[in-house]
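So this block is input-v2.cif, mmCIF, C-alpha atoms:
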data_upload
#
loop_
_atom_site.label_atom_id
_atom_site.label_comp_id
_atom_site.auth_asym_id
_atom_site.auth_seq_id
_atom_site.Cartn_x
_atom_site.Cartn_y
_atom_site.Cartn_z
CA MET A 19 -30.38 276.81 40.31
CA SER A 20 -30.14 277.35 36.57
CA GLU A 21 -31.22 274.61 34.18
CA ALA A 22 -27.62 274.17 32.98
CA CYS A 23 -26.33 273.80 36.56
CA ARG A 24 -29.10 271.35 37.41
CA THR A 25 -28.26 269.32 34.31
CA GLU A 26 -24.57 269.14 35.19
CA PHE A 27 -25.45 268.23 38.80
CA VAL A 28 -27.65 265.32 37.69
CA PHE A 29 -24.90 264.05 35.36
CA GLU A 30 -22.20 264.31 38.04
CA ARG A 31 -24.45 262.59 40.58
CA GLY A 32 -24.71 259.69 38.14
CA ASN A 33 -20.93 259.64 37.63
CA TYR A 34 -20.38 259.64 41.39
CA ALA A 35 -22.80 256.73 41.86
CA GLN A 36 -21.01 254.84 39.08
CA ARG A 37 -17.63 255.33 40.79
CA GLN A 38 -19.18 253.99 44.00
CA TYR A 39 -20.46 250.91 42.12
CA GLU A 40 -24.03 251.94 42.87
CA MET A 41 -25.15 251.00 39.38
CA THR A 42 -28.90 251.31 39.92
CA ALA A 43 -28.51 254.79 41.40
CA ALA A 44 -26.16 255.75 38.59
CA LEU A 45 -28.64 254.59 35.94
CA ASP A 46 -31.49 256.42 37.69
CA ALA A 47 -29.51 259.67 37.76
CA CYS A 48 -28.31 259.28 34.18
CA ASN A 49 -31.78 258.49 32.87
CA HIS A 50 -32.74 262.13 33.36
CA ALA A 51 -29.52 263.66 32.07
CA PRO A 52 -29.87 263.26 28.26
CA ALA A 53 -33.19 265.09 28.14
CA LEU A 54 -31.86 267.81 30.41
CA PHE A 55 -28.72 268.25 28.32
CA GLN A 56 -30.90 268.39 25.21
CA GLN A 57 -33.12 271.04 26.83
CA VAL A 58 -30.17 273.34 27.48
CA GLY A 59 -28.54 272.59 24.12
CA ASP A 60 -25.50 270.81 25.56
CA ARG A 61 -24.82 268.28 22.81
CA PRO A 62 -21.45 267.15 24.22
CA GLY A 63 -23.06 266.55 27.60
CA GLU A 64 -25.81 264.51 26.00
CA ALA A 65 -23.31 262.35 24.07
CA ASN A 66 -21.08 261.93 27.13
CA THR A 67 -24.12 260.73 29.07
CA ARG A 68 -24.77 258.13 26.38
CA ARG A 69 -21.20 256.85 26.84
CA SER A 70 -21.78 256.67 30.60
CA PHE A 71 -24.95 254.67 29.93
CA GLY A 72 -22.89 252.29 27.83
CA GLN A 73 -20.35 251.82 30.59
CA LEU A 74 -23.06 251.27 33.20
CA HIS A 75 -24.94 248.75 31.10
CA HIS A 76 -21.69 246.96 30.26
CA ALA A 77 -20.85 246.70 33.97
CA ARG A 78 -24.28 245.16 34.53
CA LYS A 79 -23.69 242.73 31.62
CA GLU A 80 -26.57 244.30 29.70
CA TYR A 81 -24.63 244.21 26.46
CA ALA A 82 -27.43 245.01 24.00
CA GLU A 83 -28.29 248.16 25.95
CA ALA A 84 -24.61 249.03 26.27
CA GLY A 85 -24.09 248.64 22.53
CA ALA A 86 -27.05 250.89 21.73
CA ALA A 87 -25.77 253.52 24.17
CA PHE A 88 -22.26 253.46 22.69
CA GLU A 89 -23.67 253.76 19.17
CA ALA A 90 -25.71 256.78 20.28
CA ALA A 91 -22.63 258.31 21.91
CA ILE A 92 -20.57 257.80 18.74
CA ALA A 93 -23.32 259.40 16.64
CA GLY A 94 -23.69 262.30 19.08
CA HIS A 95 -19.97 263.00 19.15
CA ALA A 96 -19.79 262.67 15.34
CA ASN A 97 -22.51 265.32 15.00
CA ILE A 98 -20.26 267.81 16.78
CA ALA A 99 -17.01 266.50 15.20
CA ASP A 100 -15.52 265.58 18.60
CA HIS A 101 -12.94 263.06 17.39
CA TYR A 102 -11.32 262.65 20.81
CA SER A 103 -14.63 261.56 22.34
CA ILE A 104 -15.47 259.30 19.39
CA THR A 105 -12.18 257.54 20.05
CA LEU A 106 -13.14 256.98 23.69
CA ASP A 107 -16.57 255.75 22.65
CA LEU A 108 -15.04 253.26 20.19
CA TYR A 109 -12.52 252.06 22.78
CA TYR A 110 -15.22 251.33 25.37
CA PHE A 111 -17.60 249.96 22.73
CA SER A 112 -14.98 247.39 21.70
CA PHE A 113 -15.21 245.74 25.13
CA THR A 114 -18.97 245.36 24.73
CA GLN A 115 -18.58 244.03 21.21
CA GLU A 116 -16.06 241.48 22.44
CA ALA A 117 -18.36 240.45 25.30
CA MET A 118 -21.13 239.91 22.74
CA GLY A 119 -18.87 237.59 20.75
CA GLN A 120 -18.29 240.16 18.02
CA ALA A 121 -14.48 240.12 18.01
CA ALA A 122 -14.22 241.24 14.37
CA LYS A 123 -16.38 244.30 15.10
CA ALA A 124 -14.32 245.02 18.23
CA VAL A 125 -11.16 244.95 16.11
CA GLN A 126 -12.76 247.36 13.62
CA SER A 127 -13.72 249.74 16.45
CA LEU A 128 -10.20 249.62 17.85
CA GLU A 129 -8.67 250.18 14.42
CA ARG A 130 -10.83 253.30 13.98
CA ALA A 131 -9.86 254.45 17.47
CA LEU A 132 -6.19 253.81 16.78
CA HIS A 133 -6.32 255.91 13.61
CA THR A 134 -7.55 258.90 15.63
CA CYS A 135 -5.06 258.18 18.42
CA TRP A 136 -2.29 258.44 15.86
CA GLN A 137 -3.77 261.61 14.33
CA LEU A 138 -4.17 263.35 17.67
CA ALA A 139 -1.08 261.81 19.31
CA LEU A 140 -3.18 260.76 22.29
CA PRO A 141 -1.29 259.70 25.43
CA TRP A 142 -3.31 256.49 25.79
CA THR A 143 -2.67 255.20 22.26
CA ASN A 144 -0.76 252.23 23.66
CA LEU A 145 -3.91 251.04 25.50
CA VAL A 146 -5.69 250.74 22.18
CA VAL A 147 -2.68 248.94 20.68
CA GLN A 148 -2.61 246.50 23.61
CA CYS A 149 -6.31 245.72 23.23
CA LEU A 150 -5.81 245.11 19.52
CA PHE A 151 -2.87 242.82 20.26
CA MET A 152 -5.00 240.73 22.62
CA LEU A 153 -7.93 240.53 20.21
CA LYS A 154 -5.85 239.74 17.14
CA ASP A 155 -4.24 236.79 18.95
CA MET A 156 -1.12 236.68 16.80
CA SER A 157 2.60 236.51 17.35
CA GLU A 158 4.51 239.67 18.19
CA ASP A 159 6.20 239.65 14.76
CA ASP A 160 2.91 239.19 12.91
CA PHE A 161 1.31 241.91 15.00
CA GLN A 162 4.15 244.32 14.17
CA LYS A 163 3.55 243.64 10.45
CA TYR A 164 -0.18 244.11 10.94
CA LEU A 165 0.41 247.45 12.70
CA ALA A 166 2.80 248.59 9.97
CA THR A 167 0.25 247.68 7.29
CA LEU A 168 -2.52 249.42 9.23
CA ALA A 169 -0.40 252.54 9.68
CA GLN A 170 0.57 252.53 6.01
CA SER A 171 -3.05 252.15 4.90
CA ARG A 172 -3.92 255.16 7.05
CA GLY A 173 -1.16 257.26 5.51
CA ARG A 174 1.21 257.01 8.45
CA ASN A 175 4.75 255.88 8.81
CA SER A 176 5.21 252.47 10.36
CA MET A 177 4.06 252.32 14.00
CA LYS A 178 5.64 249.78 16.32
CA ARG A 179 3.89 248.36 19.34
CA GLU A 180 5.55 249.76 22.42
CA ALA A 181 6.69 247.27 25.03
CA ILE A 182 4.73 247.35 28.25
#

Representation of the structure as structure tokens:
Amino acid sequence: MSEACRTEFVFERGNYAQRQYEMTAALDACNHAPALFQQVGDRPGEANTRRSFGQLHHARKEYAEAGAAFEAAIAGHANIADHYSITLDLYYFSFTQEAMGQAAKAVQSLERALHTCWQLALPWTNLVVQCLFMLKDMSEDDFQKYLATLAQSRGRNSMKREAI
């Protein structure tokens, strides 16, 4: 088996274990993946593994480790200018920030994610908007004004929160 195939196999084994809620097995499999991805020069794979680490640590309520993993994923995706993946990293990171009592940082992460969602017209933009709405804890009218101001500051036309 080639090194690249072995690397992808290890990563997918970790993803499978995560989906089965076998968190220890998932972490064990993922622990090997970053070095393997680095060996074969797969920078997206390495950064995606860091995001998976963040999700696993968050699920285990290991928020400091989750935060570090999400920061590494964001940096890795930034190095290859993968804005879609950075947006995912920020979205997931916001949950960890909130769990750590860092609501203001979570809002900042979601605002950055929302900016890219708008730029790329991502289909899950409304999920980011809904998370922001919950974190901002304001009336619907005030939130609409906040969104309009945010959109305007980012050089966009006014964006309205879609009804669920």

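Of the residues under consideration (A:Tyr102, A:Phe55, A:Phe71, A:Trp142), A:Phe71 shows the shortest atom-to-atom contact distance to Gly85 in chain A when counting all atoms listed in the file.
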
Can you tell me, as an NGL selection string, what residues are no more than 6 Å from range 126-136 of chain A when counting only C-alpha atoms, ignoring any on the same chain fewer than 5 positions away?
:A and (105 or 108-109 or 112 or 143)

Gap from CA of Arg68 in chain A to CA of Ala87 in chain A - Å, one decimal
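Here the two named atoms are 5.2 Å from each other.
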
Nearest residue to Ala44 in chain A from the set A:Leu74, A:Leu150, A:Ala91, A:Ala117 (distances using all atoms listed in the file):
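That would be A:Leu74, the residue with the smallest distance to Ala44 in chain A.
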
Nearest residue to His76 in chain A from the set A:Ala166, A:Leu140, A:Leu45, A:Ile92 (distances using all atoms listed in the file)
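When distances to His76 in chain A are compared using all atoms listed in the file, the smallest one comes from A:Leu45.
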
Taking all atoms listed in the file into account, produce a table as a Markdown table in which each residue of range 103-174 of chain A with an atom at most 9 Å from an atom of range 79-84 of chain A appears once, together with its shortest atom pair and the distance in Å to one decimal, ordered by chain and rising number.
| residue | atom | partner | partner_atom | distance |
| --- | --- | --- | --- | --- |
| A:Phe111 | CA | A:Ala84 | CA | 7.9 |
| A:Thr114 | CA | A:Tyr81 | CA | 6.0 |
| A:Gln115 | CA | A:Tyr81 | CA | 8.0 |
| A:Ala117 | CA | A:Tyr81 | CA | 7.4 |
| A:Met118 | CA | A:Tyr81 | CA | 6.7 |

Write the residues you've just listed into a file as an mmCIF file, in the frame of the given file, and include C-alpha atoms for each of them.
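Written file, again.cif:
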data_model
loop_
_atom_site.group_PDB
_atom_site.id
_atom_site.type_symbol
_atom_site.label_atom_id
_atom_site.label_comp_id
_atom_site.auth_asym_id
_atom_site.auth_seq_id
_atom_site.Cartn_x
_atom_site.Cartn_y
_atom_site.Cartn_z
ATOM 1 C CA PHE A 111 -17.600 249.960 22.730
ATOM 2 C CA THR A 114 -18.970 245.360 24.730
ATOM 3 C CA GLN A 115 -18.580 244.030 21.210
ATOM 4 C CA ALA A 117 -18.360 240.450 25.300
ATOM 5 C CA MET A 118 -21.130 239.910 22.740
#

Using all atoms listed in the file, can you tell me which of A:Leu138, A:Asp46, A:Glu89, A:Leu153 comes closest to His101 in chain A?
A:Leu138

Neighbouring residues of Ile98 in chain A were defined as those with any atom within 10 Å, considering all atoms listed in the file; residues of the same chain fewer than 4 positions away were excluded. Please report them as a list in words.
Arg61, Pro62, Ala65, Ala93 and Gly94 of chain A

Using C-alpha atoms, can you write the selected residues to a file as an mmCIF file, in the frame of the given file?
data_model
loop_
_atom_site.group_PDB
_atom_site.id
_atom_site.type_symbol
_atom_site.label_atom_id
_atom_site.label_comp_id
_atom_site.auth_asym_id
_atom_site.auth_seq_id
_atom_site.Cartn_x
_atom_site.Cartn_y
_atom_site.Cartn_z
ATOM 1 C CA ARG A 61 -24.820 268.280 22.810
ATOM 2 C CA PRO A 62 -21.450 267.150 24.220
ATOM 3 C CA ALA A 65 -23.310 262.350 24.070
ATOM 4 C CA ALA A 93 -23.320 259.400 16.640
ATOM 5 C CA GLY A 94 -23.690 262.300 19.080
#

With distances taken over all atoms listed in the file, which of A:Met41, A:Ala122, A:Ala139, A:Val147 is nearest to Ala77 in chain A?
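Of all the options, A:Met41 lies closest to Ala77 in chain A.
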
Generate the coordinates of N, CA and C atoms for range 84-120 of chain A; report them as a short mmCIF file (atom, residue, chain, number, x, y, z; two decimals), in the frame of the given file.
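Generated file (part_19.cif):
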data_model
loop_
_atom_site.label_atom_id
_atom_site.label_comp_id
_atom_site.auth_asym_id
_atom_site.auth_seq_id
_atom_site.Cartn_x
_atom_site.Cartn_y
_atom_site.Cartn_z
N ALA A 84 -25.90 248.35 26.32
CA ALA A 84 -24.61 249.03 26.27
C ALA A 84 -24.24 249.37 24.84
N GLY A 85 -24.41 248.41 23.93
CA GLY A 85 -24.09 248.64 22.53
C GLY A 85 -24.90 249.79 21.95
N ALA A 86 -26.19 249.80 22.24
CA ALA A 86 -27.05 250.89 21.73
C ALA A 86 -26.60 252.24 22.29
N ALA A 87 -26.22 252.26 23.56
CA ALA A 87 -25.77 253.52 24.17
C ALA A 87 -24.46 253.99 23.55
N PHE A 88 -23.53 253.07 23.32
CA PHE A 88 -22.26 253.46 22.69
C PHE A 88 -22.48 253.95 21.26
N GLU A 89 -23.37 253.30 20.53
CA GLU A 89 -23.67 253.76 19.17
C GLU A 89 -24.26 255.16 19.19
N ALA A 90 -25.13 255.44 20.15
CA ALA A 90 -25.71 256.78 20.28
C ALA A 90 -24.64 257.80 20.66
N ALA A 91 -23.72 257.40 21.52
CA ALA A 91 -22.63 258.31 21.91
C ALA A 91 -21.74 258.63 20.70
N ILE A 92 -21.41 257.60 19.93
CA ILE A 92 -20.57 257.80 18.74
C ILE A 92 -21.28 258.76 17.77
N ALA A 93 -22.56 258.53 17.55
CA ALA A 93 -23.32 259.40 16.64
C ALA A 93 -23.39 260.83 17.18
N GLY A 94 -23.62 260.97 18.47
CA GLY A 94 -23.69 262.30 19.08
C GLY A 94 -22.37 263.04 18.98
N HIS A 95 -21.28 262.35 19.25
CA HIS A 95 -19.97 263.00 19.15
C HIS A 95 -19.61 263.28 17.69
N ALA A 96 -20.05 262.42 16.76
CA ALA A 96 -19.79 262.67 15.34
C ALA A 96 -20.53 263.92 14.87
N ASN A 97 -21.73 264.14 15.38
CA ASN A 97 -22.51 265.32 15.00
C ASN A 97 -21.83 266.63 15.38
N ILE A 98 -20.97 266.59 16.37
CA ILE A 98 -20.26 267.81 16.78
C ILE A 98 -18.77 267.71 16.45
N ALA A 99 -18.40 266.70 15.66
CA ALA A 99 -17.01 266.50 15.20
C ALA A 99 -16.02 266.44 16.37
N ASP A 100 -16.40 265.75 17.43
CA ASP A 100 -15.52 265.58 18.60
C ASP A 100 -14.79 264.25 18.45
N HIS A 101 -13.68 264.28 17.72
CA HIS A 101 -12.94 263.06 17.39
C HIS A 101 -12.31 262.40 18.61
N TYR A 102 -11.88 263.19 19.57
CA TYR A 102 -11.32 262.65 20.81
C TYR A 102 -12.36 261.77 21.50
N SER A 103 -13.57 262.30 21.65
CA SER A 103 -14.63 261.56 22.34
C SER A 103 -15.09 260.35 21.54
N ILE A 104 -15.12 260.46 20.22
CA ILE A 104 -15.47 259.30 19.39
C ILE A 104 -14.48 258.17 19.65
N THR A 105 -13.21 258.54 19.79
CA THR A 105 -12.18 257.54 20.05
C THR A 105 -12.43 256.84 21.38
N LEU A 106 -12.79 257.60 22.40
CA LEU A 106 -13.14 256.98 23.69
C LEU A 106 -14.35 256.07 23.55
N ASP A 107 -15.36 256.55 22.85
CA ASP A 107 -16.57 255.75 22.65
C ASP A 107 -16.23 254.41 21.98
N LEU A 108 -15.43 254.47 20.92
CA LEU A 108 -15.04 253.26 20.19
C LEU A 108 -14.25 252.31 21.08
N TYR A 109 -13.34 252.87 21.87
CA TYR A 109 -12.52 252.06 22.78
C TYR A 109 -13.42 251.29 23.75
N TYR A 110 -14.33 252.00 24.41
CA TYR A 110 -15.22 251.33 25.37
C TYR A 110 -16.19 250.39 24.66
N PHE A 111 -16.67 250.78 23.49
CA PHE A 111 -17.60 249.96 22.73
C PHE A 111 -16.95 248.63 22.36
N SER A 112 -15.65 248.64 22.10
CA SER A 112 -14.98 247.39 21.70
C SER A 112 -15.08 246.32 22.79
N PHE A 113 -15.08 246.72 24.05
CA PHE A 113 -15.21 245.74 25.13
C PHE A 113 -16.60 245.09 25.11
N THR A 114 -17.62 245.90 24.83
CA THR A 114 -18.97 245.36 24.73
C THR A 114 -19.09 244.44 23.52
N GLN A 115 -18.53 244.87 22.40
CA GLN A 115 -18.58 244.03 21.21
C GLN A 115 -17.89 242.69 21.47
N GLU A 116 -16.76 242.72 22.12
CA GLU A 116 -16.06 241.48 22.44
C GLU A 116 -16.91 240.60 23.36
N ALA A 117 -17.52 241.21 24.37
CA ALA A 117 -18.36 240.45 25.30
C ALA A 117 -19.56 239.83 24.60
N MET A 118 -20.00 240.43 23.50
CA MET A 118 -21.13 239.91 22.74
C MET A 118 -20.69 238.89 21.69
N GLY A 119 -19.39 238.55 21.71
CA GLY A 119 -18.87 237.59 20.75
C GLY A 119 -18.63 238.17 19.37
N GLN A 120 -18.50 239.47 19.29
CA GLN A 120 -18.29 240.16 18.02
C GLN A 120 -16.85 240.68 17.93
#
